[in-house]
Each structure stands twice: as C-alpha cells, then as structure tokens.
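Inspection log for the structure reproduced underneath, given as structure tokens.
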Amino acid sequence: MIPRVFCSLSIIFLAVFASALPQAATDGVEHVELEPEATDASCSGSGGPRRCKRLAVHKEWRDLSATHKRDYIRAVKCLQQRRALNTTLPNKFNRFDEFSLSHANVAERIHGVGQFLPWHRHFGYLHHQVLRECNYTGPFPYWDWTRDTNGSTPIQQSPLFDPVTGFGGDGVAGTYTPPTDNDGTPFPIIPEFMKGCVQTGPFANLVLHVGPGRRFTDHCLVRGFHEELRPSLSQPHISNIMSQTTYDNFWNSLDGLPFKPDFRLHDAGHGFTGGDMISFYTSPNDPIFFLHHAGLDRIWWQWQNADLNNRLYQIGGKVNSQPPYGEVTLDYQLPYPGLATPWVTLRNAMDIRLEPYCYTY
C-alpha cells in the first residue's frame, strides 16, 4: 500500500466539507468552489496535474431535472449516431461502439486487479467528455443502488428503468438468440442472463455492433433482470465494503465474479441488469453501465475521503489476474485503446479534485 502526504491541511478540510458548499451554475450544474490556496498548482507536485478551482457535483439519476434526463439520453443517442473516429472500422460503427470496443480490448487487464477502480474512473471521464461534444451540459449521473433496495419495491421498477424518464426496462423473452459459437475467450457469455431485446424506452430500437464477448454481431440491446441479486446491491453489503481499511481489501470486497465464487457489488449490478451488461468484454453496450460504474466511483471517493491522509493515493493488489500476479503501483499505465493516447498514469486518476476531472459527489 502506498500512502501519500498532502501539501496543505486546507485541502483536506475543503475536501471533507465540500459537499456542504454547493453553488448553482448557469448550466444547471452545481459546483463546489475551492479556496485559492487549494488551487495552487504546486499542490499537485512539480509538473503534475493542476488542482481544480471548482468541482462539478455529480448527481443520482432521479435527482436530475426532467430536462437534464432528457438531454442526457439525447446525448447518448447522439453518440450512437456519430461515425466512429477510427475510420478503419466499417461505416456502421459509431462513437458509442468505440467505448465497448476499447473496453473489450483490455478487459482481461482491468478486471480482477488493483487497477480496476482507477481504470474505470478515467473511462467514465472519457465518456463524459464525448457527451459534452454532443452538447450535454447537465450534471453527470450515477446509480445509488440503495435507493432501489432499501424498500420492498422490485429493482426493475426503479426510475432508472422507466420507459419514459429512464433507460427502458427488461428484455422480452424470446426476442433474442444468444450466439453459440466459441469466441475463444476465457469468460464466455452466460445464456441464462440473456433474456431478450429491450423493447421499451429510448433504446428499444438500438442496434449494437460490438459483442457480446469478443465477437462482432449486429444485435439489439439485451437485458435479463435478476432480482435475486438484490442483497448484493443493498446497504448492509455496501456498509461492509466501506468498513475495509486498506485499498486492496476495499476493491476486493466489491468485486466478485468471475474471479471469486460469489456475486459482489460490482458484478451484481452487471448481473442484475443482465444481457449486454453481463458480458465481461462488452458491458458498456448498455448505457446503464456508466451510471453503475459512476456509483462505484462514488463509494470509492467516499472511502478515500474518509481518511485522505492515508487513502487518497493508496493503491494495492495484483496487477495481473493470472500468474505472474505482480503488484500494481501508482506508475502503472492505464490503457484506453482507440480512446486516449498517450495512456494515463494511474497516479493521475487517484484525485478527482485535480484536472482533468474536477468533480465531486
């Protein structure tokens, strides 16, 4: 584990109390203003990322205004209609497909390993940037699973899956036949989670071109809800995760299948949604992916923020999911093929108060 000492106690104070200091902005995004001493470039080290002057506040999906919900979904659909930047791909491939393709190309290097959380933090940031290119100006959303599990209402009735104000509902049985060919991967799709095509909501007619798995097929957005995974998305399970005192224990406590024998928070979110979300390689095919992983990023930031002196730059765990396992370090280069060059140094993804992130929860 690698702790790091900060340049100023004022930064720690501001981070802890930032959520109490929101300020409205003209674009409808709340911001936390940081004091001048917390924005001094010297605080991030010589040549390192600059500290942000203000932080955009990310919000839970149901706390977005109706206008921002509509506009967010419009921007996602915009990505699904824009030609892929990689012109070596056939013309049908779009900007949204490129995120699934990038994830698929490195999936075996970013799951079941210590770099899992930092990699997905920056992946979410890259997604946010292209949504801005599609003129989305509102807050970026996350999924707080406990708001769907603390009562008795089925998760599938969550506002996230509303056909009008959300991302559409469950797949319809009998509308999709999972591929049966062997795509040569160690983590094949799970047919019993591939119920059928989503036929409600804004993505009812979506045609995806990447996956499932490492294959290329034109297919609908597939889901298959599994309510039995509810306990792994509930407060008692999350409280256990937050009680961990080391980063290695923290990320391991939220990450289960396929590297451990049981579902845990990360894979339970994928498993509950099912369909494309259960694909080890191409789960970003489902727009819910980005809200789920923003939820994971949120609780990681909460865990970091609970003991900034020791946790902000604490990293640990194996760097490879298969032998030789090695040990991840802050110097590890996070790969985003087709999305970002040069690769991102893990160290620079640890503090969301530094550029280019500049956000909080």
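So you can find residues: chains in the structure tokens are A, B, ... in the order shown, residues in each start at 1, and ligands are numbered from 1 in order.
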
Between region 38-95 of chain A and region 199-210 of chain A, at 12 Å or less, what are the per-residue closest atom pairs and their distances in Å? Count only C-alpha atoms, order by chain and rising residue number, and return it as a Markdown table.
```
| residue | atom | partner | partner_atom | distance |
| --- | --- | --- | --- | --- |
| A:Lys69 | CA | A:Pro202 | CA | 11.5 |
| A:Arg70 | CA | A:Pro202 | CA | 9.8 |
| A:Asp71 | CA | A:Pro202 | CA | 11.8 |
| A:Tyr72 | CA | A:Pro202 | CA | 11.3 |
| A:Ile73 | CA | A:Pro202 | CA | 7.5 |
| A:Arg74 | CA | A:Pro202 | CA | 8.8 |
| A:Ala75 | CA | A:Pro202 | CA | 11.6 |
| A:Val76 | CA | A:Phe203 | CA | 9.8 |
| A:Lys77 | CA | A:Phe203 | CA | 8.2 |
| A:Cys78 | CA | A:Pro202 | CA | 11.9 |
| A:Leu79 | CA | A:Leu206 | CA | 11.8 |
| A:Gln80 | CA | A:Leu206 | CA | 8.4 |
| A:Gln81 | CA | A:Leu206 | CA | 10.2 |
| A:Ala84 | CA | A:His209 | CA | 11.6 |
| A:Leu89 | CA | A:His209 | CA | 10.7 |
| A:Pro90 | CA | A:His209 | CA | 10.1 |
| A:Asn91 | CA | A:His209 | CA | 10.9 |
| A:Lys92 | CA | A:His209 | CA | 7.8 |
| A:Phe93 | CA | A:His209 | CA | 6.7 |
| A:Asn94 | CA | A:His209 | CA | 8.7 |
| A:Arg95 | CA | A:His209 | CA | 11.2 |
```

Quick one: write out the picked residues with N, CA and C atoms as a PDB file, in the first residue's frame?
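And here's selection16.pdb as it stands now:
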```pdb
ATOM      1  N   LYS A  69     -32.475  14.854 -17.654  1.00  0.00           N
ATOM      2  CA  LYS A  69     -32.631  13.441 -18.004  1.00  0.00           C
ATOM      3  C   LYS A  69     -32.840  13.279 -19.507  1.00  0.00           C
ATOM      4  N   ARG A  70     -33.739  14.074 -20.058  1.00  0.00           N
ATOM      5  CA  ARG A  70     -33.994  14.004 -21.496  1.00  0.00           C
ATOM      6  C   ARG A  70     -32.742  14.350 -22.292  1.00  0.00           C
ATOM      7  N   ASP A  71     -32.014  15.352 -21.818  1.00  0.00           N
ATOM      8  CA  ASP A  71     -30.851  15.811 -22.558  1.00  0.00           C
ATOM      9  C   ASP A  71     -29.701  14.807 -22.464  1.00  0.00           C
ATOM     10  N   TYR A  72     -29.560  14.154 -21.318  1.00  0.00           N
ATOM     11  CA  TYR A  72     -28.528  13.132 -21.182  1.00  0.00           C
ATOM     12  C   TYR A  72     -28.792  11.987 -22.158  1.00  0.00           C
ATOM     13  N   ILE A  73     -30.026  11.504 -22.193  1.00  0.00           N
ATOM     14  CA  ILE A  73     -30.360  10.405 -23.103  1.00  0.00           C
ATOM     15  C   ILE A  73     -30.209  10.844 -24.552  1.00  0.00           C
ATOM     16  N   ARG A  74     -30.575  12.090 -24.858  1.00  0.00           N
ATOM     17  CA  ARG A  74     -30.364  12.612 -26.209  1.00  0.00           C
ATOM     18  C   ARG A  74     -28.895  12.569 -26.588  1.00  0.00           C
ATOM     19  N   ALA A  75     -28.014  12.930 -25.642  1.00  0.00           N
ATOM     20  CA  ALA A  75     -26.584  12.936 -25.926  1.00  0.00           C
ATOM     21  C   ALA A  75     -26.050  11.522 -26.136  1.00  0.00           C
ATOM     22  N   VAL A  76     -26.548  10.555 -25.352  1.00  0.00           N
ATOM     23  CA  VAL A  76     -26.140   9.163 -25.561  1.00  0.00           C
ATOM     24  C   VAL A  76     -26.552   8.705 -26.954  1.00  0.00           C
ATOM     25  N   LYS A  77     -27.765   9.024 -27.356  1.00  0.00           N
ATOM     26  CA  LYS A  77     -28.236   8.651 -28.684  1.00  0.00           C
ATOM     27  C   LYS A  77     -27.446   9.373 -29.769  1.00  0.00           C
ATOM     28  N   CYS A  78     -26.988  10.571 -29.470  1.00  0.00           N
ATOM     29  CA  CYS A  78     -26.120  11.308 -30.399  1.00  0.00           C
ATOM     30  C   CYS A  78     -24.836  10.527 -30.663  1.00  0.00           C
ATOM     31  N   LEU A  79     -24.226   9.974 -29.601  1.00  0.00           N
ATOM     32  CA  LEU A  79     -23.006   9.172 -29.773  1.00  0.00           C
ATOM     33  C   LEU A  79     -23.284   7.942 -30.638  1.00  0.00           C
ATOM     34  N   GLN A  80     -24.482   7.390 -30.495  1.00  0.00           N
ATOM     35  CA  GLN A  80     -24.851   6.195 -31.244  1.00  0.00           C
ATOM     36  C   GLN A  80     -25.132   6.486 -32.714  1.00  0.00           C
ATOM     37  N   GLN A  81     -25.142   7.767 -33.061  1.00  0.00           N
ATOM     38  CA  GLN A  81     -25.402   8.163 -34.441  1.00  0.00           C
ATOM     39  C   GLN A  81     -24.182   8.796 -35.105  1.00  0.00           C
ATOM     40  N   ALA A  84     -17.759   6.496 -36.012  1.00  0.00           N
ATOM     41  CA  ALA A  84     -16.586   6.209 -35.186  1.00  0.00           C
ATOM     42  C   ALA A  84     -15.389   7.009 -35.668  1.00  0.00           C
ATOM     43  N   LEU A  89     -12.713   1.120 -39.125  1.00  0.00           N
ATOM     44  CA  LEU A  89     -13.901   0.333 -38.836  1.00  0.00           C
ATOM     45  C   LEU A  89     -14.950   0.569 -39.922  1.00  0.00           C
ATOM     46  N   PRO A  90     -15.792  -0.411 -40.188  1.00  0.00           N
ATOM     47  CA  PRO A  90     -16.875  -0.189 -41.157  1.00  0.00           C
ATOM     48  C   PRO A  90     -17.726   1.016 -40.787  1.00  0.00           C
ATOM     49  N   ASN A  91     -18.372   1.604 -41.778  1.00  0.00           N
ATOM     50  CA  ASN A  91     -19.125   2.843 -41.575  1.00  0.00           C
ATOM     51  C   ASN A  91     -20.207   2.736 -40.510  1.00  0.00           C
ATOM     52  N   LYS A  92     -20.727   1.540 -40.276  1.00  0.00           N
ATOM     53  CA  LYS A  92     -21.819   1.390 -39.307  1.00  0.00           C
ATOM     54  C   LYS A  92     -21.368   1.602 -37.866  1.00  0.00           C
ATOM     55  N   PHE A  93     -20.066   1.521 -37.597  1.00  0.00           N
ATOM     56  CA  PHE A  93     -19.583   1.676 -36.227  1.00  0.00           C
ATOM     57  C   PHE A  93     -19.636   3.139 -35.820  1.00  0.00           C
ATOM     58  N   ASN A  94     -20.061   3.377 -34.570  1.00  0.00           N
ATOM     59  CA  ASN A  94     -20.257   4.743 -34.087  1.00  0.00           C
ATOM     60  C   ASN A  94     -19.418   5.005 -32.845  1.00  0.00           C
ATOM     61  N   ARG A  95     -19.525   6.237 -32.338  1.00  0.00           N
ATOM     62  CA  ARG A  95     -18.729   6.651 -31.176  1.00  0.00           C
ATOM     63  C   ARG A  95     -19.080   5.824 -29.953  1.00  0.00           C
TER      64      ARG A  95
END
```

Practice task
Could you give me the residues within region 171-237 of chain A that DSSP places in helix (DSSP H, G or I), as a list in words?
Solution key: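 Taking region 171-237 of chain A and keeping helix (DSSP H, G or I) gives Pro191, Glu192, Phe193, Glu227, Glu228, Leu229, Arg230, Pro231, Ser232, Leu233, Gln235, Pro236 and His237 of chain A.
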
Distance table requested - region 227-343 of chain A against region 149-158 of chain A, cut-off 7 Å, only C-alpha atoms: one row per qualifying residue with the closest atom pair and its distance in Å to one decimal, ordered by chain and rising residue number, as CSV.
```
residue,atom,partner,partner_atom,distance
A:Glu227,CA,A:Ile155,CA,6.8
A:Arg230,CA,A:Thr149,CA,6.5
A:Leu233,CA,A:Thr149,CA,6.8
A:Ser234,CA,A:Thr149,CA,5.4
```

Exercise for the section: Please identify all polymer residues within 9 Å of Leu126 (chain A), counting only C-alpha atoms, omitting same-chain residues fewer than 4 positions from it, and present them as a PyMOL selection string. Expected result: chain A and resi 121-122+130-131+339-340

Select from region 186-287 of chain A every residue with an atom at most 12 Å from any atom of region 110-116 of chain A, then for each give the shortest pair of atoms and their distance in Å to one decimal, using only C-alpha atoms, rows by chain and rising number, as JSON lines.
```
{"residue": "A:Phe187", "atom": "CA", "partner": "A:His111", "partner_atom": "CA", "distance": 11.5}
{"residue": "A:Thr246", "atom": "CA", "partner": "A:Gly114", "partner_atom": "CA", "distance": 11.7}
{"residue": "A:Tyr247", "atom": "CA", "partner": "A:Gly114", "partner_atom": "CA", "distance": 8.5}
{"residue": "A:Asp248", "atom": "CA", "partner": "A:Gly114", "partner_atom": "CA", "distance": 6.9}
{"residue": "A:Asn249", "atom": "CA", "partner": "A:Gly114", "partner_atom": "CA", "distance": 10.0}
{"residue": "A:Phe250", "atom": "CA", "partner": "A:Gly114", "partner_atom": "CA", "distance": 10.0}
{"residue": "A:Trp251", "atom": "CA", "partner": "A:Gly114", "partner_atom": "CA", "distance": 7.3}
{"residue": "A:Asn252", "atom": "CA", "partner": "A:Gly112", "partner_atom": "CA", "distance": 8.0}
{"residue": "A:Ser253", "atom": "CA", "partner": "A:Gly112", "partner_atom": "CA", "distance": 11.2}
{"residue": "A:Leu254", "atom": "CA", "partner": "A:Gly112", "partner_atom": "CA", "distance": 10.5}
{"residue": "A:Asp255", "atom": "CA", "partner": "A:Gly112", "partner_atom": "CA", "distance": 7.2}
{"residue": "A:Gly256", "atom": "CA", "partner": "A:Gly112", "partner_atom": "CA", "distance": 8.1}
{"residue": "A:Leu257", "atom": "CA", "partner": "A:Gly112", "partner_atom": "CA", "distance": 8.7}
{"residue": "A:Pro258", "atom": "CA", "partner": "A:Gly112", "partner_atom": "CA", "distance": 8.1}
{"residue": "A:Phe259", "atom": "CA", "partner": "A:Gly112", "partner_atom": "CA", "distance": 6.1}
{"residue": "A:Lys260", "atom": "CA", "partner": "A:Gly112", "partner_atom": "CA", "distance": 8.8}
{"residue": "A:His266", "atom": "CA", "partner": "A:His111", "partner_atom": "CA", "distance": 10.5}
{"residue": "A:Asp267", "atom": "CA", "partner": "A:His111", "partner_atom": "CA", "distance": 10.6}
{"residue": "A:Phe280", "atom": "CA", "partner": "A:His111", "partner_atom": "CA", "distance": 8.9}
{"residue": "A:Tyr281", "atom": "CA", "partner": "A:His111", "partner_atom": "CA", "distance": 10.0}
```

Quick one: write out the picked residues with C-alpha atoms as a JSON list (two decimals), in the first residue's frame?
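Output (out20.json):
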```
[["chain", "number", "residue", "atom", "x", "y", "z"],
["A", 187, "PHE", "CA", -15.05, -15.59, -19.98],
["A", 246, "THR", "CA", -6.97, -0.96, 3.02],
["A", 247, "TYR", "CA", -7.47, -0.31, -0.67],
["A", 248, "ASP", "CA", -6.71, -3.94, -1.53],
["A", 249, "ASN", "CA", -9.43, -5.16, 0.82],
["A", 250, "PHE", "CA", -11.80, -2.41, -0.36],
["A", 251, "TRP", "CA", -11.75, -3.23, -4.06],
["A", 252, "ASN", "CA", -11.73, -6.97, -3.41],
["A", 253, "SER", "CA", -14.81, -6.66, -1.20],
["A", 254, "LEU", "CA", -16.82, -5.03, -4.01],
["A", 255, "ASP", "CA", -15.56, -7.22, -6.87],
["A", 256, "GLY", "CA", -16.69, -10.85, -7.09],
["A", 257, "LEU", "CA", -17.37, -12.99, -10.17],
["A", 258, "PRO", "CA", -15.72, -14.27, -12.29],
["A", 259, "PHE", "CA", -12.59, -14.14, -10.11],
["A", 260, "LYS", "CA", -14.36, -15.09, -6.87],
["A", 266, "HIS", "CA", -19.71, -4.58, -8.96],
["A", 267, "ASP", "CA", -20.72, -7.78, -10.68],
["A", 280, "PHE", "CA", -17.23, -9.46, -19.45],
["A", 281, "TYR", "CA", -15.96, -7.69, -22.55]]
```
